[in-house]
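Reading through the structure tokens given below for one structure.
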2 protein chains.
Amino acid sequence: MSEPSLACCTPLTGTPMSAEQAEQVAPLLKALADPVRLRLVSLIAASAGGEACVCDLNDAFDLTQATISHHLKVLHTAGLLDREKRGVWVHYSVRPAALDAVATLFTTAVPA
Amino acid sequence: MSEPSLACCTPLTGTPMSAEQAEQVAPLLKALADPVRLRLVSLIAASAGGEACVCDLNDAFDLTQATISHHLKVLHTAGLLDREKRGVWVHYSVRPAALDAVATLFTTAVPA
DNA sequence: TTAAGACATCGATGTCCGTCGATGTCTCCG
DNA sequence: CGGAGACATCGACGGACATCGATGTCTTAA
């Protein structure tokens, strides 16, 4: 399933983006372009230890467990979340490198 | 059509995001979560004067003029692009504040 | 072994989205 | 006035997506 290579990216501003680069980064943004998934990432990132188990995540939404599981899978497939099974529970954590890659996109060559 | 208020946003990391905040920011990301639109923004931002006319933009893609026009409208409606008609041509420019808002999302409280 | 609980997967359904050809609107030029 | 060119809008179509209920898989406890 070829783990996405976390497309390193030059900032949006500055140099025009290549088609290939755009194709690589767009899925990352698409994975984040959903209110539920945005909150999921935020909840996980803000949790103690930078990780959270699905059971806690479920309670934060008025959605079916199946739906939450689906969203977590999307984020994991996009390379934004790591997955670790510990006993009965599954813990998800944020991949900092993935967020950094996206951040780089919007960082307009910060001046000194 | 209530110009989007360019939801100022706390970083994803740190504090959990509210549902309202997520609903505000998600459309911005959704507008950017497309390879074509990503390249459009990049092309415009990288152009001289920070703006570009549709005629030039059309040539950069193997897509119909109608499709490019559609994508530009999506970006404009999301508040990411400004539109100015000058004679026969229409010039689009990037709204820095919009990109900054998104950048803030992914800026993980940079350490010293 | 059996039962219960935590997640994932499956199949269905309604909605949204990208793309296109055709057509409309506006502006400039002759 | 009339034509040409730049861009927007419209209507349609195929594919993708969010959500759900039902069911499957795995782990721990009794």
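Chains: A, B, ... in order of the structure tokens. Residues: from 1 per chain. Ligands: from 1, in order shown.
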Within 10 Å of chain C: each chain B residue with its shortest pair, only C-alpha atoms (C1' of nucleotides), as a tab-separated table:
residue	atom	partner	partner_atom	distance
B:Asp34	CA	C:DG18	C1'	9.7
B:Leu63	CA	C:DT19	C1'	8.4
B:Thr64	CA	C:DC20	C1'	7.4
B:Gln65	CA	C:DC20	C1'	9.9
B:Ala66	CA	C:DC20	C1'	8.0
B:Thr67	CA	C:DT19	C1'	6.5
B:Ile68	CA	C:DT19	C1'	10.0
B:His70	CA	C:DG18	C1'	9.3
B:His71	CA	C:DG18	C1'	9.2
B:Arg86	CA	C:DT27	C1'	10.0
B:Gly87	CA	C:DT27	C1'	6.6
B:Val88	CA	C:DT27	C1'	5.6
B:Trp89	CA	C:DT27	C1'	9.2
Chain A: which residues are strand (DSSP E or B) by DSSP, as a short mmCIF file (atom, residue, chain, number, x, y, z; two decimals) with all heavy atoms, in the first residue's frame?
data_model
loop_
_atom_site.label_atom_id
_atom_site.label_comp_id
_atom_site.auth_asym_id
_atom_site.auth_seq_id
_atom_site.Cartn_x
_atom_site.Cartn_y
_atom_site.Cartn_z
N GLU A 51 -1.63 11.30 22.10
CA GLU A 51 -2.38 10.19 21.53
C GLU A 51 -3.71 10.02 22.26
O GLU A 51 -3.88 10.51 23.37
CB GLU A 51 -1.57 8.91 21.61
CG GLU A 51 -1.27 8.47 23.02
CD GLU A 51 -0.61 7.10 23.06
OE1 GLU A 51 0.13 6.78 22.13
OE2 GLU A 51 -0.84 6.36 24.04
N ALA A 52 -4.64 9.34 21.60
CA ALA A 52 -5.95 9.13 22.18
C ALA A 52 -6.51 7.81 21.68
O ALA A 52 -6.18 7.37 20.58
CB ALA A 52 -6.90 10.28 21.81
N CYS A 53 -7.36 7.18 22.49
CA CYS A 53 -7.96 5.93 22.06
C CYS A 53 -9.33 6.20 21.46
O CYS A 53 -9.98 7.20 21.78
CB CYS A 53 -8.04 4.92 23.20
SG CYS A 53 -9.52 5.03 24.19
N LEU A 81 -2.04 10.16 10.68
CA LEU A 81 -2.19 9.55 11.99
C LEU A 81 -1.46 8.21 12.06
O LEU A 81 -1.44 7.46 11.09
CB LEU A 81 -3.68 9.31 12.27
CG LEU A 81 -4.40 10.25 13.25
CD1 LEU A 81 -3.95 11.68 13.08
CD2 LEU A 81 -5.91 10.14 13.08
N ASP A 82 -0.90 7.94 13.22
CA ASP A 82 -0.32 6.62 13.47
C ASP A 82 -1.29 5.80 14.30
O ASP A 82 -2.06 6.34 15.09
CB ASP A 82 1.02 6.76 14.20
CG ASP A 82 2.18 6.85 13.24
OD1 ASP A 82 2.04 6.34 12.13
OD2 ASP A 82 3.21 7.44 13.60
N ARG A 83 -1.22 4.48 14.13
CA ARG A 83 -2.17 3.59 14.76
C ARG A 83 -1.42 2.56 15.58
O ARG A 83 -0.48 1.93 15.09
CB ARG A 83 -2.99 2.89 13.67
CG ARG A 83 -4.31 2.36 14.09
CD ARG A 83 -4.95 1.64 12.90
NE ARG A 83 -4.80 0.22 13.07
CZ ARG A 83 -5.70 -0.56 13.65
NH1 ARG A 83 -6.83 -0.03 14.07
NH2 ARG A 83 -5.49 -1.83 13.80
N GLU A 84 -1.82 2.38 16.81
CA GLU A 84 -1.18 1.37 17.64
C GLU A 84 -2.21 0.65 18.49
O GLU A 84 -2.96 1.28 19.23
CB GLU A 84 -0.13 2.03 18.54
CG GLU A 84 0.71 1.02 19.30
CD GLU A 84 1.60 1.70 20.34
OE1 GLU A 84 1.59 2.96 20.37
OE2 GLU A 84 2.26 1.00 21.11
N LYS A 85 -2.23 -0.65 18.37
CA LYS A 85 -3.20 -1.42 19.14
C LYS A 85 -2.56 -1.84 20.45
O LYS A 85 -1.49 -2.45 20.47
CB LYS A 85 -3.62 -2.65 18.35
CG LYS A 85 -4.66 -3.49 19.06
CD LYS A 85 -5.37 -4.44 18.10
CE LYS A 85 -6.54 -5.11 18.79
NZ LYS A 85 -7.33 -5.92 17.84
N ARG A 86 -3.23 -1.51 21.55
CA ARG A 86 -2.72 -1.90 22.87
C ARG A 86 -3.84 -2.60 23.61
O ARG A 86 -4.73 -1.95 24.15
CB ARG A 86 -2.26 -0.66 23.65
CG ARG A 86 -0.89 -0.16 23.21
CD ARG A 86 -0.11 0.48 24.35
NE ARG A 86 -0.66 1.77 24.75
CZ ARG A 86 -0.30 2.93 24.20
NH1 ARG A 86 0.56 2.95 23.21
NH2 ARG A 86 -0.82 4.04 24.62
N TRP A 89 -7.75 -1.78 23.25
CA TRP A 89 -7.93 -0.44 22.71
C TRP A 89 -6.96 -0.12 21.58
O TRP A 89 -5.86 -0.68 21.51
CB TRP A 89 -7.78 0.61 23.81
CG TRP A 89 -8.86 0.51 24.82
CD1 TRP A 89 -10.15 0.93 24.70
CD2 TRP A 89 -8.75 -0.05 26.14
NE1 TRP A 89 -10.85 0.66 25.83
CE2 TRP A 89 -10.03 0.06 26.74
CE3 TRP A 89 -7.73 -0.64 26.86
CZ2 TRP A 89 -10.29 -0.39 28.03
CZ3 TRP A 89 -7.98 -1.09 28.15
CH2 TRP A 89 -9.25 -0.97 28.72
N VAL A 90 -7.38 0.78 20.73
CA VAL A 90 -6.51 1.27 19.66
C VAL A 90 -6.23 2.74 19.90
O VAL A 90 -7.15 3.52 20.15
CB VAL A 90 -7.18 1.08 18.28
CG1 VAL A 90 -6.37 1.75 17.20
CG2 VAL A 90 -7.36 -0.39 17.99
N HIS A 91 -4.95 3.07 19.86
CA HIS A 91 -4.56 4.45 20.11
C HIS A 91 -4.07 5.09 18.82
O HIS A 91 -3.26 4.51 18.10
CB HIS A 91 -3.45 4.50 21.17
CG HIS A 91 -3.92 4.11 22.54
ND1 HIS A 91 -4.05 5.02 23.56
CD2 HIS A 91 -4.33 2.92 23.04
CE1 HIS A 91 -4.50 4.40 24.64
NE2 HIS A 91 -4.67 3.12 24.35
N TYR A 92 -4.53 6.28 18.57
CA TYR A 92 -4.08 7.04 17.40
C TYR A 92 -3.22 8.21 17.87
O TYR A 92 -3.51 8.82 18.90
CB TYR A 92 -5.26 7.56 16.60
CG TYR A 92 -5.90 6.51 15.73
CD1 TYR A 92 -6.97 5.75 16.19
CD2 TYR A 92 -5.43 6.29 14.44
CE1 TYR A 92 -7.55 4.78 15.38
CE2 TYR A 92 -6.02 5.34 13.63
CZ TYR A 92 -7.08 4.58 14.10
OH TYR A 92 -7.64 3.64 13.31
N SER A 93 -2.18 8.49 17.10
CA SER A 93 -1.33 9.64 17.41
C SER A 93 -1.02 10.39 16.12
O SER A 93 -1.08 9.82 15.03
CB SER A 93 -0.04 9.18 18.08
OG SER A 93 0.60 8.22 17.27
N VAL A 94 -0.71 11.66 16.26
CA VAL A 94 -0.45 12.50 15.09
C VAL A 94 0.99 12.33 14.63
O VAL A 94 1.89 12.20 15.45
CB VAL A 94 -0.71 13.98 15.43
CG1 VAL A 94 -0.39 14.86 14.23
CG2 VAL A 94 -2.16 14.17 15.85
#
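Any residue of chain D with an atom within 10 Å of chain A counts; using only C-alpha atoms (C1' of nucleotides), that gives D:DA18, D:DT19, D:DC20, D:DG21, D:DC26, D:DT27, D:DT28.
The spacing separating CA of Leu12 (chain A) from CA of Leu99 (chain B) amounts to 9.3 Å.
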Exercise for review: Give the answer as one residue: which of A:Ala46, A:Ala78, A:Leu40, A:Ala31 has the shortest atom-to-atom distance to chain B, using only C-alpha atoms?
Suggested key: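 When distances to chain B are compared using only C-alpha atoms, the smallest one comes from A:Ala46.
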Closest-contact table, chain B side, partner chain A, 7 Å, counting only C-alpha atoms, as CSV:
residue,atom,partner,partner_atom,distance
B:Leu12,CA,A:Ser42,CA,5.0
B:Thr13,CA,A:Ala45,CA,5.2
B:Gly14,CA,A:Ala46,CA,5.0
B:Thr15,CA,A:Ala46,CA,5.5
B:Pro16,CA,A:Leu43,CA,4.9
B:Met17,CA,A:Arg39,CA,5.7
B:Ala22,CA,A:Pro35,CA,4.7
B:Glu23,CA,A:Pro35,CA,5.2
B:Ala26,CA,A:Ala33,CA,4.9
B:Pro27,CA,A:Ala33,CA,6.8
B:Leu29,CA,A:Ala33,CA,4.9
B:Lys30,CA,A:Ala33,CA,4.7
B:Ala33,CA,A:Lys30,CA,4.7
B:Asp34,CA,A:Ala26,CA,5.3
B:Pro35,CA,A:Ala22,CA,4.7
B:Leu38,CA,A:Ala22,CA,6.2
B:Arg39,CA,A:Met17,CA,5.7
B:Ser42,CA,A:Leu12,CA,5.1
B:Leu43,CA,A:Pro16,CA,4.9
B:Ala45,CA,A:Thr13,CA,5.2
B:Ala46,CA,A:Gly14,CA,5.0
B:Leu99,CA,A:Phe106,CA,6.4
B:Ala103,CA,A:Phe106,CA,5.0
B:Phe106,CA,A:Ala103,CA,5.0
B:Thr107,CA,A:Ala103,CA,6.2
Write the residues you've just listed into a file as an mmCIF file, in the first residue's frame, and include N, CA and C atoms for each of them.
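Saved as again31.cif:
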data_model
loop_
_atom_site.group_PDB
_atom_site.id
_atom_site.type_symbol
_atom_site.label_atom_id
_atom_site.label_comp_id
_atom_site.auth_asym_id
_atom_site.auth_seq_id
_atom_site.Cartn_x
_atom_site.Cartn_y
_atom_site.Cartn_z
ATOM 1 N N LEU B 12 -3.787 23.768 15.413
ATOM 2 C CA LEU B 12 -4.405 22.461 15.556
ATOM 3 C C LEU B 12 -3.934 21.794 16.840
ATOM 4 N N THR B 13 -2.654 21.903 17.051
ATOM 5 C CA THR B 13 -2.054 21.345 18.252
ATOM 6 C C THR B 13 -2.365 22.263 19.426
ATOM 7 N N GLY B 14 -2.186 21.777 20.619
ATOM 8 C CA GLY B 14 -2.353 22.635 21.781
ATOM 9 C C GLY B 14 -3.711 22.456 22.427
ATOM 10 N N THR B 15 -4.675 23.232 21.938
ATOM 11 C CA THR B 15 -6.004 23.134 22.512
ATOM 12 C C THR B 15 -6.941 22.444 21.539
ATOM 13 N N PRO B 16 -7.827 21.596 22.034
ATOM 14 C CA PRO B 16 -8.794 20.972 21.134
ATOM 15 C C PRO B 16 -9.650 22.025 20.448
ATOM 16 N N MET B 17 -9.981 21.754 19.226
ATOM 17 C CA MET B 17 -10.697 22.708 18.392
ATOM 18 C C MET B 17 -12.203 22.574 18.632
ATOM 19 N N ALA B 22 -14.075 24.345 13.660
ATOM 20 C CA ALA B 22 -13.821 23.354 12.619
ATOM 21 C C ALA B 22 -14.724 23.600 11.412
ATOM 22 N N GLU B 23 -15.971 23.950 11.678
ATOM 23 C CA GLU B 23 -16.920 24.195 10.589
ATOM 24 C C GLU B 23 -16.514 25.427 9.783
ATOM 25 N N ALA B 26 -12.849 24.322 7.820
ATOM 26 C CA ALA B 26 -12.920 23.216 6.863
ATOM 27 C C ALA B 26 -13.173 23.687 5.423
ATOM 28 N N PRO B 27 -14.095 24.623 5.204
ATOM 29 C CA PRO B 27 -14.324 25.077 3.819
ATOM 30 C C PRO B 27 -13.079 25.656 3.167
ATOM 31 N N LEU B 29 -9.986 24.717 3.731
ATOM 32 C CA LEU B 29 -9.148 23.592 3.345
ATOM 33 C C LEU B 29 -9.765 22.837 2.172
ATOM 34 N N LYS B 30 -11.080 22.721 2.201
ATOM 35 C CA LYS B 30 -11.755 22.009 1.118
ATOM 36 C C LYS B 30 -11.523 22.718 -0.210
ATOM 37 N N ALA B 33 -8.097 21.739 -1.295
ATOM 38 C CA ALA B 33 -7.825 20.301 -1.378
ATOM 39 C C ALA B 33 -8.096 19.757 -2.771
ATOM 40 N N ASP B 34 -7.509 20.387 -3.742
ATOM 41 C CA ASP B 34 -7.662 19.944 -5.136
ATOM 42 C C ASP B 34 -6.391 20.336 -5.888
ATOM 43 N N PRO B 35 -5.823 19.423 -6.603
ATOM 44 C CA PRO B 35 -4.545 19.701 -7.279
ATOM 45 C C PRO B 35 -4.621 20.914 -8.187
ATOM 46 N N LEU B 38 -4.860 24.090 -6.104
ATOM 47 C CA LEU B 38 -3.581 24.313 -5.440
ATOM 48 C C LEU B 38 -2.606 24.978 -6.407
ATOM 49 N N ARG B 39 -2.572 24.472 -7.605
ATOM 50 C CA ARG B 39 -1.668 25.052 -8.595
ATOM 51 C C ARG B 39 -2.123 26.444 -9.009
ATOM 52 N N SER B 42 -0.998 28.768 -6.386
ATOM 53 C CA SER B 42 0.456 28.880 -6.469
ATOM 54 C C SER B 42 0.882 29.737 -7.649
ATOM 55 N N LEU B 43 0.241 29.513 -8.792
ATOM 56 C CA LEU B 43 0.576 30.282 -9.987
ATOM 57 C C LEU B 43 0.295 31.759 -9.775
ATOM 58 N N ALA B 45 0.043 33.376 -6.876
ATOM 59 C CA ALA B 45 0.922 33.936 -5.848
ATOM 60 C C ALA B 45 2.319 34.179 -6.387
ATOM 61 N N ALA B 46 2.733 33.346 -7.334
ATOM 62 C CA ALA B 46 4.095 33.454 -7.851
ATOM 63 C C ALA B 46 4.199 34.419 -9.032
ATOM 64 N N LEU B 99 -4.553 32.936 3.542
ATOM 65 C CA LEU B 99 -3.490 31.943 3.658
ATOM 66 C C LEU B 99 -2.899 31.948 5.061
ATOM 67 N N ALA B 103 -2.350 28.984 7.651
ATOM 68 C CA ALA B 103 -1.009 28.719 8.155
ATOM 69 C C ALA B 103 -1.018 28.609 9.670
ATOM 70 N N PHE B 106 -1.604 25.224 11.208
ATOM 71 C CA PHE B 106 -0.586 24.186 11.193
ATOM 72 C C PHE B 106 0.718 24.613 11.864
ATOM 73 N N THR B 107 0.738 25.807 12.371
ATOM 74 C CA THR B 107 1.931 26.281 13.040
ATOM 75 C C THR B 107 1.919 25.779 14.469
#
